[in-house]
Amino acid sequence: MSRLTLKQALELWQEQDLFNLGKMAHKKRFELHPEPVVSYIVDRNINYTNICVSGCKFCAFYAPPNSKKGYVLSFDELAKKVEETVSLGGYQILLQGGMNPDLDLDFYKNMLLFLKKRFPSVWIHGFSPPEISFLAQKENISIKEVLLHLKEAGLDSIPGGGAEILVDRVRKKVSPRKCDASTWLKVMEDAHSLGFKTTATMMFGHVETFEERLEHLQRIRELQDKTGGFTAFIPWTFQPKNTLIDVPEVSSVEYLRFLALSRLFLDNVPNIQASWVTQGPKVGQMALFWGANDFGSTMIEENVVKATGVCFRLPEEKLREIIAGAGFVPKKRSMDYTLLE
Ligand code: SF4
């Protein structure tokens, strides 16, 4: 199949039902990954701070500055969490926080240096584009300079958080103080140029139109054509509970249909991740037939989705059982999708 245009993607969405879209995406998945393997990673999300000046309307996790609920983890607390991760066979930590105005570049560098010295073999996947662009603004230096400092201090790769929908009309409505779509893409482009691998994400099902979802996919595909630095695309659905956006939750059928369309449209992004954290293990398992070839992370700890009242947890053994139960071979992987077994 040749590359889908935006018009063709819209037609597929309007004309094909759940099962047809799934069939097409599954075929594409096997063209890209001929082995019936589903990968996953053992890692832990560590939210080093929840203090944030962004105040995104979809976020149930953050605390504003001076709030009693605000925290910054001490390095000892961080070390304890990483130790637990290592003892559970963890490969990486996903380090993310809010846009905390009290933390400067030295804090980030010292945190990375501390972690790398203490746990040299643990991969640090950290700091989404909004955190990085916020830091560049605060320090009055370029995004590239921030990235270079973080790289030198031990940052290994960058998660694609904070993308939500890469269209400024939407961002102005749901997260007006967060970086705009072009800045998000600029952080990723600079990161790729420095040799970082990153992921791309999408949170859909809030105030965006369907055309804006497609625009998001288009912008990811264009940047990937240029840099090739995205390892995976990870779409998930907005969880409305405990947030300021009052919309019904996107159905699992719509999630699966859009996942399939993403697999078909993003022909240059090698991996598509199922989101069992928002969809639950059963729909996560179905996602493996709708274009996903990766089951994400064991999520030894996760706080952001949990704050919306959605809390699915899977120990590694259970996660392997779910993958095997769908007829695939579960295999542990690294951040860049190298299989570790
Ligand atoms: S989503 Fe991130 S940037 Fe937005 S309020 Fe929550 S912690 Fe802050």
# chains A, B, ... in the order shown; residues from 1 in each chain; ligands from 1
$ residues_around --residues "stretch 1-14 of chain A" --least-positions-apart "3" --cutoff "10 Å" --atoms "only C-alpha atoms" --output "MDAnalysis selection string"
chainID A and resid 17:18 20:21 24 28 210:211 214:215 217:218 257:258 260:262 264:268
$ write_last_selection --atoms "C-alpha atoms" --output "PDB file, in the first residue's frame"
ATOM      1  CA  ASP A  17     -15.608  -0.480  10.224  1.00  0.00           C
ATOM      2  CA  LEU A  18     -13.701  -1.632  13.311  1.00  0.00           C
ATOM      3  CA  ASN A  20     -11.703  -3.869   8.429  1.00  0.00           C
ATOM      4  CA  LEU A  21      -9.447  -1.223   9.926  1.00  0.00           C
ATOM      5  CA  MET A  24      -5.517  -3.657   7.445  1.00  0.00           C
ATOM      6  CA  LYS A  28       0.792  -3.613   8.013  1.00  0.00           C
ATOM      7  CA  PHE A 210     -10.999  14.434  13.925  1.00  0.00           C
ATOM      8  CA  GLU A 211      -9.129  16.511  11.328  1.00  0.00           C
ATOM      9  CA  LEU A 214      -4.926  13.661  11.559  1.00  0.00           C
ATOM     10  CA  GLU A 215      -2.905  16.888  11.577  1.00  0.00           C
ATOM     11  CA  LEU A 217      -0.214  12.330  12.825  1.00  0.00           C
ATOM     12  CA  GLN A 218       0.914  14.313   9.802  1.00  0.00           C
ATOM     13  CA  ARG A 257     -10.057   2.169  15.300  1.00  0.00           C
ATOM     14  CA  PHE A 258      -7.746   5.136  15.783  1.00  0.00           C
ATOM     15  CA  ALA A 260      -5.297   0.996  13.545  1.00  0.00           C
ATOM     16  CA  LEU A 261      -5.420   4.204  11.529  1.00  0.00           C
ATOM     17  CA  SER A 262      -2.211   5.399  13.248  1.00  0.00           C
ATOM     18  CA  LEU A 264      -1.535   2.689   8.667  1.00  0.00           C
ATOM     19  CA  PHE A 265      -0.719   6.398   8.481  1.00  0.00           C
ATOM     20  CA  LEU A 266       2.640   6.403  10.306  1.00  0.00           C
ATOM     21  CA  ASP A 267       4.405   4.143   7.843  1.00  0.00           C
ATOM     22  CA  ASN A 268       7.805   5.485   8.936  1.00  0.00           C
TER      23      ASN A 268
END
$ residues_near_ligand --ligand "ligand 1" --cutoff "7 Å" --atoms "only C-alpha atoms and all ligand atoms" --output "PyMOL selection string"
chain A and resi 50+52-56+58-62+97-99+130+162+175+178
$ closest_residue --among "A:Pro235, A:Arg169, A:Pro270, A:Lys81" --to "A:Glu254" --atoms "only C-alpha atoms"
A:Pro235
$ select_by_dssp --residues "stretch 271-307 of chain A" --states "strand (DSSP E or B)" --output "number ranges by chain"
A: 271-273, 294-297
$ residues_around --residues "A:Tyr108" --least-positions-apart "6" --cutoff "12 Å" --atoms "only C-alpha atoms" --output "PyMOL selection string"
chain A and resi 48-49+72+75+95-97+100+102+114-115+126-127+131-132+135+146-147+149-155
$ write_last_selection --atoms "C-alpha atoms" --output "mmCIF file, in the first residue's frame"
data_model
loop_
_atom_site.group_PDB
_atom_site.id
_atom_site.type_symbol
_atom_site.label_atom_id
_atom_site.label_comp_id
_atom_site.auth_asym_id
_atom_site.auth_seq_id
_atom_site.Cartn_x
_atom_site.Cartn_y
_atom_site.Cartn_z
ATOM 1 C CA TYR A 48 10.394 13.804 40.626
ATOM 2 C CA THR A 49 8.033 16.734 41.254
ATOM 3 C CA VAL A 72 10.022 17.473 45.032
ATOM 4 C CA PHE A 75 17.802 12.313 45.876
ATOM 5 C CA LEU A 95 11.712 10.523 34.885
ATOM 6 C CA GLN A 96 9.030 13.166 34.493
ATOM 7 C CA GLY A 97 7.680 16.073 36.480
ATOM 8 C CA ASN A 100 8.415 23.629 38.441
ATOM 9 C CA ASP A 102 11.978 26.542 41.530
ATOM 10 C CA PHE A 114 23.672 11.399 40.976
ATOM 11 C CA LEU A 115 21.538 8.700 39.351
ATOM 12 C CA GLY A 126 13.355 11.572 30.894
ATOM 13 C CA PHE A 127 11.891 15.056 30.586
ATOM 14 C CA GLU A 131 9.823 20.484 30.675
ATOM 15 C CA ILE A 132 12.820 21.028 28.387
ATOM 16 C CA LEU A 135 13.926 25.065 31.378
ATOM 17 C CA VAL A 146 19.610 22.470 27.559
ATOM 18 C CA LEU A 147 19.606 19.136 25.739
ATOM 19 C CA HIS A 149 23.730 19.783 29.273
ATOM 20 C CA LEU A 150 21.253 16.995 30.062
ATOM 21 C CA LYS A 151 23.021 14.595 27.714
ATOM 22 C CA GLU A 152 26.397 15.305 29.267
ATOM 23 C CA ALA A 153 24.915 14.703 32.719
ATOM 24 C CA GLY A 154 23.590 11.277 31.705
ATOM 25 C CA LEU A 155 20.197 11.588 30.032
#
$ atom_distance --atom1 "atom CA of A:Ile124" --atom2 "atom CA of A:Val174"
28.7 Å
$ atom_distance --atom1 "atom CA of A:Gly284" --atom2 "atom CA of A:Ile93"
22.0 Å
$ residues_around --residues "A:Arg263" --least-positions-apart "4" --cutoff "8 Å" --atoms "only C-alpha atoms" --output "number ranges by chain"
A: 25, 28-29, 259, 267, 272, 291-292
$ residues_around --residues "stretch 316-322 of chain A" --least-positions-apart "2" --cutoff "8 Å" --atoms "only C-alpha atoms" --output "list of chain:residue names"
A:Val42, A:Pro281, A:Gln285, A:Thr298, A:Leu314, A:Ala324, A:Gly325, A:Ala326, A:Pro330
$ atom_distance --atom1 "atom CA of A:Pro176" --atom2 "atom CA of A:Pro159"
20.8 Å
$ closest_residue --among "A:Pro240, A:Gly205, A:Pro129, A:Gly327" --to "A:Thr183" --atoms "only C-alpha atoms"
A:Pro129
$ select_by_dssp --residues "stretch 1-66 of chain A" --states "alpha helix (DSSP H)" --output "NGL selection string"
:A and (6-15 or 18-32)
$ write_last_selection --atoms "N, CA and C atoms" --output "mmCIF file, in the first residue's frame"
data_model
loop_
_atom_site.group_PDB
_atom_site.id
_atom_site.type_symbol
_atom_site.label_atom_id
_atom_site.label_comp_id
_atom_site.auth_asym_id
_atom_site.auth_seq_id
_atom_site.Cartn_x
_atom_site.Cartn_y
_atom_site.Cartn_z
ATOM 1 N N LEU A 6 -3.843 12.571 3.790
ATOM 2 C CA LEU A 6 -4.817 12.950 4.821
ATOM 3 C C LEU A 6 -6.237 12.630 4.362
ATOM 4 N N LYS A 7 -6.494 12.867 3.071
ATOM 5 C CA LYS A 7 -7.825 12.634 2.521
ATOM 6 C C LYS A 7 -8.152 11.130 2.577
ATOM 7 N N GLN A 8 -7.189 10.321 2.202
ATOM 8 C CA GLN A 8 -7.424 8.872 2.239
ATOM 9 C C GLN A 8 -7.627 8.380 3.677
ATOM 10 N N ALA A 9 -6.877 8.971 4.601
ATOM 11 C CA ALA A 9 -7.017 8.559 6.004
ATOM 12 C C ALA A 9 -8.432 8.894 6.502
ATOM 13 N N LEU A 10 -8.910 10.075 6.115
ATOM 14 C CA LEU A 10 -10.258 10.479 6.518
ATOM 15 C C LEU A 10 -11.302 9.539 5.898
ATOM 16 N N GLU A 11 -11.095 9.178 4.646
ATOM 17 C CA GLU A 11 -12.036 8.258 3.985
ATOM 18 C C GLU A 11 -12.034 6.888 4.667
ATOM 19 N N LEU A 12 -10.851 6.412 5.002
ATOM 20 C CA LEU A 12 -10.784 5.114 5.699
ATOM 21 C C LEU A 12 -11.595 5.167 6.994
ATOM 22 N N TRP A 13 -11.415 6.271 7.719
ATOM 23 C CA TRP A 13 -12.101 6.432 8.999
ATOM 24 C C TRP A 13 -13.621 6.439 8.810
ATOM 25 N N GLN A 14 -14.039 7.125 7.746
ATOM 26 C CA GLN A 14 -15.490 7.262 7.524
ATOM 27 C C GLN A 14 -16.104 5.993 6.938
ATOM 28 N N GLU A 15 -15.322 5.252 6.162
ATOM 29 C CA GLU A 15 -15.918 4.154 5.392
ATOM 30 C C GLU A 15 -15.659 2.763 5.957
ATOM 31 N N LEU A 18 -14.722 -1.220 12.335
ATOM 32 C CA LEU A 18 -13.701 -1.632 13.311
ATOM 33 C C LEU A 18 -12.860 -2.797 12.790
ATOM 34 N N PHE A 19 -13.531 -3.801 12.219
ATOM 35 C CA PHE A 19 -12.814 -5.025 11.858
ATOM 36 C C PHE A 19 -11.979 -4.848 10.594
ATOM 37 N N ASN A 20 -12.500 -4.113 9.632
ATOM 38 C CA ASN A 20 -11.703 -3.869 8.429
ATOM 39 C C ASN A 20 -10.446 -3.072 8.746
ATOM 40 N N LEU A 21 -10.619 -2.025 9.563
ATOM 41 C CA LEU A 21 -9.447 -1.223 9.926
ATOM 42 C C LEU A 21 -8.421 -2.086 10.659
ATOM 43 N N GLY A 22 -8.916 -2.933 11.555
ATOM 44 C CA GLY A 22 -8.029 -3.827 12.312
ATOM 45 C C GLY A 22 -7.270 -4.757 11.373
ATOM 46 N N LYS A 23 -8.000 -5.328 10.427
ATOM 47 C CA LYS A 23 -7.366 -6.268 9.482
ATOM 48 C C LYS A 23 -6.247 -5.589 8.690
ATOM 49 N N MET A 24 -6.527 -4.378 8.241
ATOM 50 C CA MET A 24 -5.517 -3.657 7.445
ATOM 51 C C MET A 24 -4.289 -3.306 8.314
ATOM 52 N N ALA A 25 -4.556 -2.860 9.530
ATOM 53 C CA ALA A 25 -3.438 -2.462 10.403
ATOM 54 C C ALA A 25 -2.609 -3.682 10.811
ATOM 55 N N HIS A 26 -3.293 -4.805 11.046
ATOM 56 C CA HIS A 26 -2.595 -6.024 11.459
ATOM 57 C C HIS A 26 -1.680 -6.499 10.326
ATOM 58 N N LYS A 27 -2.172 -6.365 9.094
ATOM 59 C CA LYS A 27 -1.365 -6.749 7.934
ATOM 60 C C LYS A 27 -0.115 -5.849 7.857
ATOM 61 N N LYS A 28 -0.325 -4.567 8.045
ATOM 62 C CA LYS A 28 0.792 -3.613 8.013
ATOM 63 C C LYS A 28 1.795 -3.932 9.128
ATOM 64 N N ARG A 29 1.285 -4.255 10.293
ATOM 65 C CA ARG A 29 2.144 -4.603 11.429
ATOM 66 C C ARG A 29 3.035 -5.788 11.074
ATOM 67 N N PHE A 30 2.460 -6.800 10.409
ATOM 68 C CA PHE A 30 3.263 -7.975 10.059
ATOM 69 C C PHE A 30 4.208 -7.705 8.890
ATOM 70 N N GLU A 31 3.900 -6.727 8.048
ATOM 71 C CA GLU A 31 4.876 -6.328 7.022
ATOM 72 C C GLU A 31 6.111 -5.721 7.695
ATOM 73 N N LEU A 32 5.869 -4.926 8.739
ATOM 74 C CA LEU A 32 6.984 -4.253 9.422
ATOM 75 C C LEU A 32 7.679 -5.166 10.429
#
$ closest_residue --among "A:Arg118, A:Val187, A:Lys173, A:Lys57" --to "A:Gln239" --atoms "only C-alpha atoms"
A:Lys57
